[in-house]
Amino acid sequence: MILRLSKTLMVAAIGFFAFLVAFGNITDYGSNFAFVHHVFLMDTIFPDATIKYRAIEATWIHHLGYIIIILLESLTSLLCLAGAWKLWNNRKLTAQAFNRSKKLAIAGLTLGFLTWQVSFMSIGGEWFGMWMSSEWNGVPDAFRFFITILGVLIYLVHKDEELDA
């Protein structure tokens with residue numbers, strides 16, 4: 001039972017984290033929007049970088065990108081929290097039933113991984129050169145987030161066995 005509780009609580013913790021991130025982005029839109037804005041503009045990367053042609057100056061695209069990020073974070077939270085709830089409700093069932101109940105949690109964790117790995121690490125970090133900015137570099141944070149999510153996902157997908165009587 002302790003493994004099932006552990007998995008449930010870890011999924012819930014990721015759901016809570018994603019909720020706090022989305023909540024912060026919604027309630028402090030302007031401050032956090034500045035980050036996305038500067039990443040798209042590429043105005044703080046190395047002055048001699050030859051990739052500045054990739055910059056996007058249209059502010060509406062900055063807002064659209066930021067709203068998509070918030071939606072992905074929110075959906076990650078909802079899927080993880082709903083998945084944790086389902087795991088909690090099925091914690092005493094057979095191993096087969098408990099293993100089948102992992103689908104929402106797996107979906108939430110996968111979306112969370114993709115959100116931070118693709119949005120921040122790949123697109124922001126590599127395409128827009130965010131790693132070159134000393135002021136607007138979210139690569140280390142994104143890496144920490146998606147590696148934590150990946151660890152929970154790997155732990156969760158390990159098949160659970162029947163509970164001891």
# chains A, B, ... in the order shown; residues from 1 in each chain; ligands from 1
call {"tool": "residues_around", "arguments": {"residues": "stretch 41-52 of chain A", "least_positions_apart": "6", "cutoff": "8 Å", "atoms": "only C-alpha atoms", "output": "mmCIF file with all heavy atoms, in the first residue's frame"}}
result
data_model
loop_
_atom_site.group_PDB
_atom_site.id
_atom_site.type_symbol
_atom_site.label_atom_id
_atom_site.label_comp_id
_atom_site.auth_asym_id
_atom_site.auth_seq_id
_atom_site.Cartn_x
_atom_site.Cartn_y
_atom_site.Cartn_z
ATOM 1 N N PHE A 128 15.056 30.192 -29.573
ATOM 2 C CA PHE A 128 15.174 31.625 -29.306
ATOM 3 C C PHE A 128 16.430 31.988 -28.516
ATOM 4 O O PHE A 128 16.611 33.146 -28.147
ATOM 5 C CB PHE A 128 13.922 32.151 -28.588
ATOM 6 C CG PHE A 128 12.706 32.191 -29.481
ATOM 7 C CD1 PHE A 128 11.686 31.279 -29.321
ATOM 8 C CD2 PHE A 128 12.595 33.132 -30.490
ATOM 9 C CE1 PHE A 128 10.565 31.296 -30.140
ATOM 10 C CE2 PHE A 128 11.486 33.166 -31.327
ATOM 11 C CZ PHE A 128 10.464 32.240 -31.147
ATOM 12 N N GLY A 129 17.296 31.021 -28.262
ATOM 13 C CA GLY A 129 18.578 31.311 -27.621
ATOM 14 C C GLY A 129 18.470 31.812 -26.192
ATOM 15 O O GLY A 129 19.343 32.551 -25.726
ATOM 16 N N MET A 130 17.415 31.420 -25.495
ATOM 17 C CA MET A 130 17.206 31.889 -24.125
ATOM 18 C C MET A 130 18.414 31.602 -23.231
ATOM 19 O O MET A 130 18.707 32.371 -22.318
ATOM 20 C CB MET A 130 15.933 31.238 -23.563
ATOM 21 C CG MET A 130 15.556 31.631 -22.161
ATOM 22 S SD MET A 130 13.939 30.991 -21.665
ATOM 23 C CE MET A 130 14.166 29.234 -21.768
ATOM 24 N N TRP A 131 19.121 30.525 -23.507
ATOM 25 C CA TRP A 131 20.273 30.170 -22.690
ATOM 26 C C TRP A 131 21.357 31.248 -22.708
ATOM 27 O O TRP A 131 22.185 31.325 -21.800
ATOM 28 C CB TRP A 131 20.863 28.820 -23.134
ATOM 29 C CG TRP A 131 21.462 28.837 -24.514
ATOM 30 C CD1 TRP A 131 20.823 28.579 -25.684
ATOM 31 C CD2 TRP A 131 22.812 29.147 -24.846
ATOM 32 N NE1 TRP A 131 21.691 28.706 -26.749
ATOM 33 C CE2 TRP A 131 22.933 29.052 -26.253
ATOM 34 C CE3 TRP A 131 23.943 29.501 -24.113
ATOM 35 C CZ2 TRP A 131 24.118 29.288 -26.927
ATOM 36 C CZ3 TRP A 131 25.128 29.735 -24.792
ATOM 37 C CH2 TRP A 131 25.207 29.623 -26.175
ATOM 38 N N MET A 132 21.358 32.101 -23.734
ATOM 39 C CA MET A 132 22.362 33.160 -23.844
ATOM 40 C C MET A 132 22.031 34.380 -22.994
ATOM 41 O O MET A 132 22.870 35.272 -22.857
ATOM 42 C CB MET A 132 22.489 33.614 -25.305
ATOM 43 C CG MET A 132 23.085 32.613 -26.232
ATOM 44 S SD MET A 132 23.322 33.369 -27.860
ATOM 45 C CE MET A 132 22.351 32.259 -28.863
ATOM 46 N N SER A 133 20.839 34.441 -22.461
ATOM 47 C CA SER A 133 20.417 35.615 -21.702
ATOM 48 C C SER A 133 20.760 35.444 -20.219
ATOM 49 O O SER A 133 20.373 34.459 -19.595
ATOM 50 C CB SER A 133 18.910 35.826 -21.848
ATOM 51 O OG SER A 133 18.481 36.884 -21.025
ATOM 52 N N SER A 134 21.455 36.421 -19.688
ATOM 53 C CA SER A 134 21.750 36.364 -18.249
ATOM 54 C C SER A 134 20.541 36.814 -17.429
ATOM 55 O O SER A 134 20.432 36.499 -16.254
ATOM 56 C CB SER A 134 22.963 37.233 -17.920
ATOM 57 O OG SER A 134 22.717 38.580 -18.292
ATOM 58 N N GLU A 135 19.622 37.524 -18.062
ATOM 59 C CA GLU A 135 18.457 38.068 -17.360
ATOM 60 C C GLU A 135 17.200 37.222 -17.530
ATOM 61 O O GLU A 135 16.403 37.090 -16.601
ATOM 62 C CB GLU A 135 18.195 39.487 -17.854
ATOM 63 C CG GLU A 135 17.182 40.241 -17.041
ATOM 64 C CD GLU A 135 17.063 41.682 -17.508
ATOM 65 O OE1 GLU A 135 17.830 42.113 -18.387
ATOM 66 O OE2 GLU A 135 16.171 42.374 -16.990
ATOM 67 N N TRP A 136 16.981 36.632 -18.705
ATOM 68 C CA TRP A 136 15.736 35.920 -19.011
ATOM 69 C C TRP A 136 16.014 34.469 -19.425
ATOM 70 O O TRP A 136 15.525 34.004 -20.431
ATOM 71 C CB TRP A 136 14.955 36.651 -20.109
ATOM 72 C CG TRP A 136 14.640 38.060 -19.764
ATOM 73 C CD1 TRP A 136 15.257 39.175 -20.228
ATOM 74 C CD2 TRP A 136 13.630 38.512 -18.856
ATOM 75 N NE1 TRP A 136 14.701 40.305 -19.670
ATOM 76 C CE2 TRP A 136 13.689 39.923 -18.819
ATOM 77 C CE3 TRP A 136 12.679 37.869 -18.061
ATOM 78 C CZ2 TRP A 136 12.853 40.691 -18.033
ATOM 79 C CZ3 TRP A 136 11.832 38.638 -17.285
ATOM 80 C CH2 TRP A 136 11.924 40.029 -17.268
#
call {"tool": "select_by_dssp", "arguments": {"residues": "stretch 31-154 of chain A", "states": "alpha helix (DSSP H)", "output": "JSON, numbers by chain"}}
result
{"A": [31, 32, 33, 34, 35, 36, 37, 38, 39, 40, 41, 59, 60, 61, 62, 63, 64, 65, 66, 67, 68, 69, 70, 71, 72, 73, 74, 75, 76, 77, 78, 79, 80, 81, 82, 83, 84, 85, 86, 87, 88, 89, 95, 96, 97, 98, 99, 100, 103, 104, 105, 106, 107, 108, 109, 110, 111, 112, 113, 114, 139, 140, 141, 142, 143, 144, 145, 146, 147, 148, 149, 150, 151, 152, 153, 154]}
call {"tool": "write_last_selection", "arguments": {"atoms": "C-alpha atoms", "output": "PDB file, in the first residue's frame"}}
result
ATOM      1  CA  SER A  31       5.461  40.324 -14.599  1.00  0.00           C
ATOM      2  CA  ASN A  32       5.582  36.833 -16.012  1.00  0.00           C
ATOM      3  CA  PHE A  33       4.607  38.012 -19.502  1.00  0.00           C
ATOM      4  CA  ALA A  34       7.783  40.116 -19.535  1.00  0.00           C
ATOM      5  CA  PHE A  35       9.774  36.875 -19.527  1.00  0.00           C
ATOM      6  CA  VAL A  36       7.990  35.480 -22.599  1.00  0.00           C
ATOM      7  CA  HIS A  37       8.146  38.891 -24.305  1.00  0.00           C
ATOM      8  CA  HIS A  38      11.942  39.135 -23.970  1.00  0.00           C
ATOM      9  CA  VAL A  39      12.478  35.533 -25.044  1.00  0.00           C
ATOM     10  CA  PHE A  40      10.504  36.137 -28.245  1.00  0.00           C
ATOM     11  CA  LEU A  41      12.292  39.434 -28.871  1.00  0.00           C
ATOM     12  CA  THR A  59       3.287  41.368 -29.351  1.00  0.00           C
ATOM     13  CA  TRP A  60       0.072  39.484 -30.085  1.00  0.00           C
ATOM     14  CA  ILE A  61       2.176  36.372 -30.772  1.00  0.00           C
ATOM     15  CA  HIS A  62       3.928  36.882 -27.421  1.00  0.00           C
ATOM     16  CA  HIS A  63       0.532  36.968 -25.704  1.00  0.00           C
ATOM     17  CA  LEU A  64      -0.679  33.940 -27.667  1.00  0.00           C
ATOM     18  CA  GLY A  65       2.442  31.972 -26.740  1.00  0.00           C
ATOM     19  CA  TYR A  66       2.067  32.916 -23.097  1.00  0.00           C
ATOM     20  CA  ILE A  67      -1.624  31.985 -23.042  1.00  0.00           C
ATOM     21  CA  ILE A  68      -0.798  28.613 -24.615  1.00  0.00           C
ATOM     22  CA  ILE A  69       1.826  28.022 -21.924  1.00  0.00           C
ATOM     23  CA  ILE A  70      -0.707  28.901 -19.199  1.00  0.00           C
ATOM     24  CA  LEU A  71      -3.276  26.547 -20.760  1.00  0.00           C
ATOM     25  CA  LEU A  72      -0.722  23.716 -20.907  1.00  0.00           C
ATOM     26  CA  GLU A  73       0.285  24.303 -17.282  1.00  0.00           C
ATOM     27  CA  SER A  74      -3.375  24.396 -16.232  1.00  0.00           C
ATOM     28  CA  LEU A  75      -4.207  21.224 -18.131  1.00  0.00           C
ATOM     29  CA  THR A  76      -1.156  19.521 -16.630  1.00  0.00           C
ATOM     30  CA  SER A  77      -2.437  20.450 -13.188  1.00  0.00           C
ATOM     31  CA  LEU A  78      -5.970  19.254 -13.879  1.00  0.00           C
ATOM     32  CA  LEU A  79      -4.856  15.939 -15.360  1.00  0.00           C
ATOM     33  CA  CYS A  80      -2.387  15.251 -12.561  1.00  0.00           C
ATOM     34  CA  LEU A  81      -4.820  16.166  -9.791  1.00  0.00           C
ATOM     35  CA  ALA A  82      -7.629  14.162 -11.402  1.00  0.00           C
ATOM     36  CA  GLY A  83      -5.176  11.310 -11.923  1.00  0.00           C
ATOM     37  CA  ALA A  84      -4.095  11.440  -8.284  1.00  0.00           C
ATOM     38  CA  TRP A  85      -7.745  11.412  -7.215  1.00  0.00           C
ATOM     39  CA  LYS A  86      -8.373   8.347  -9.360  1.00  0.00           C
ATOM     40  CA  LEU A  87      -5.287   6.619  -7.951  1.00  0.00           C
ATOM     41  CA  TRP A  88      -6.441   7.453  -4.431  1.00  0.00           C
ATOM     42  CA  ASN A  89      -9.896   6.033  -5.078  1.00  0.00           C
ATOM     43  CA  ALA A  95      -3.136  -4.507  -9.066  1.00  0.00           C
ATOM     44  CA  GLN A  96      -4.701  -4.713 -12.517  1.00  0.00           C
ATOM     45  CA  ALA A  97      -7.368  -2.132 -11.627  1.00  0.00           C
ATOM     46  CA  PHE A  98      -4.841   0.172  -9.956  1.00  0.00           C
ATOM     47  CA  ASN A  99      -2.498  -0.045 -12.940  1.00  0.00           C
ATOM     48  CA  ARG A 100      -5.379   0.795 -15.317  1.00  0.00           C
ATOM     49  CA  LYS A 103      -3.963   6.751 -17.386  1.00  0.00           C
ATOM     50  CA  LEU A 104      -4.947  10.299 -16.357  1.00  0.00           C
ATOM     51  CA  ALA A 105      -1.850  10.675 -14.216  1.00  0.00           C
ATOM     52  CA  ILE A 106       0.367   9.427 -17.039  1.00  0.00           C
ATOM     53  CA  ALA A 107      -1.310  11.879 -19.416  1.00  0.00           C
ATOM     54  CA  GLY A 108      -0.802  14.771 -16.982  1.00  0.00           C
ATOM     55  CA  LEU A 109       2.823  13.943 -16.281  1.00  0.00           C
ATOM     56  CA  THR A 110       3.534  13.485 -19.990  1.00  0.00           C
ATOM     57  CA  LEU A 111       1.931  16.832 -20.797  1.00  0.00           C
ATOM     58  CA  GLY A 112       3.914  18.485 -17.999  1.00  0.00           C
ATOM     59  CA  PHE A 113       7.148  16.989 -19.312  1.00  0.00           C
ATOM     60  CA  LEU A 114       6.343  18.165 -22.840  1.00  0.00           C
ATOM     61  CA  VAL A 139      16.517  26.781 -19.025  1.00  0.00           C
ATOM     62  CA  PRO A 140      17.844  25.686 -15.595  1.00  0.00           C
ATOM     63  CA  ASP A 141      14.397  25.974 -14.014  1.00  0.00           C
ATOM     64  CA  ALA A 142      12.690  24.199 -16.909  1.00  0.00           C
ATOM     65  CA  PHE A 143      15.259  21.399 -16.723  1.00  0.00           C
ATOM     66  CA  ARG A 144      14.664  20.979 -12.997  1.00  0.00           C
ATOM     67  CA  PHE A 145      10.899  20.884 -13.567  1.00  0.00           C
ATOM     68  CA  PHE A 146      10.792  18.377 -16.398  1.00  0.00           C
ATOM     69  CA  ILE A 147      13.390  16.077 -14.846  1.00  0.00           C
ATOM     70  CA  THR A 148      11.334  15.986 -11.633  1.00  0.00           C
ATOM     71  CA  ILE A 149       8.199  15.240 -13.656  1.00  0.00           C
ATOM     72  CA  LEU A 150      10.051  12.565 -15.623  1.00  0.00           C
ATOM     73  CA  GLY A 151      11.212  10.933 -12.376  1.00  0.00           C
ATOM     74  CA  VAL A 152       7.631  10.754 -11.105  1.00  0.00           C
ATOM     75  CA  LEU A 153       6.423   9.425 -14.465  1.00  0.00           C
ATOM     76  CA  ILE A 154       9.041   6.651 -14.492  1.00  0.00           C
TER      77      ILE A 154
END
call {"tool": "closest_residue", "arguments": {"among": "A:Phe17, A:Gly124, A:Glu162, A:Asn25", "to": "A:Lys92", "atoms": "only C-alpha atoms"}}
result
A:Glu162
call {"tool": "atom_distance", "arguments": {"atom1": "atom CA of A:Arg4", "atom2": "atom CA of A:Leu156"}}
result
8.9 Å
call {"tool": "atom_distance", "arguments": {"atom1": "atom CA of A:Phe23", "atom2": "atom CA of A:Phe120"}}
result
18.0 Å
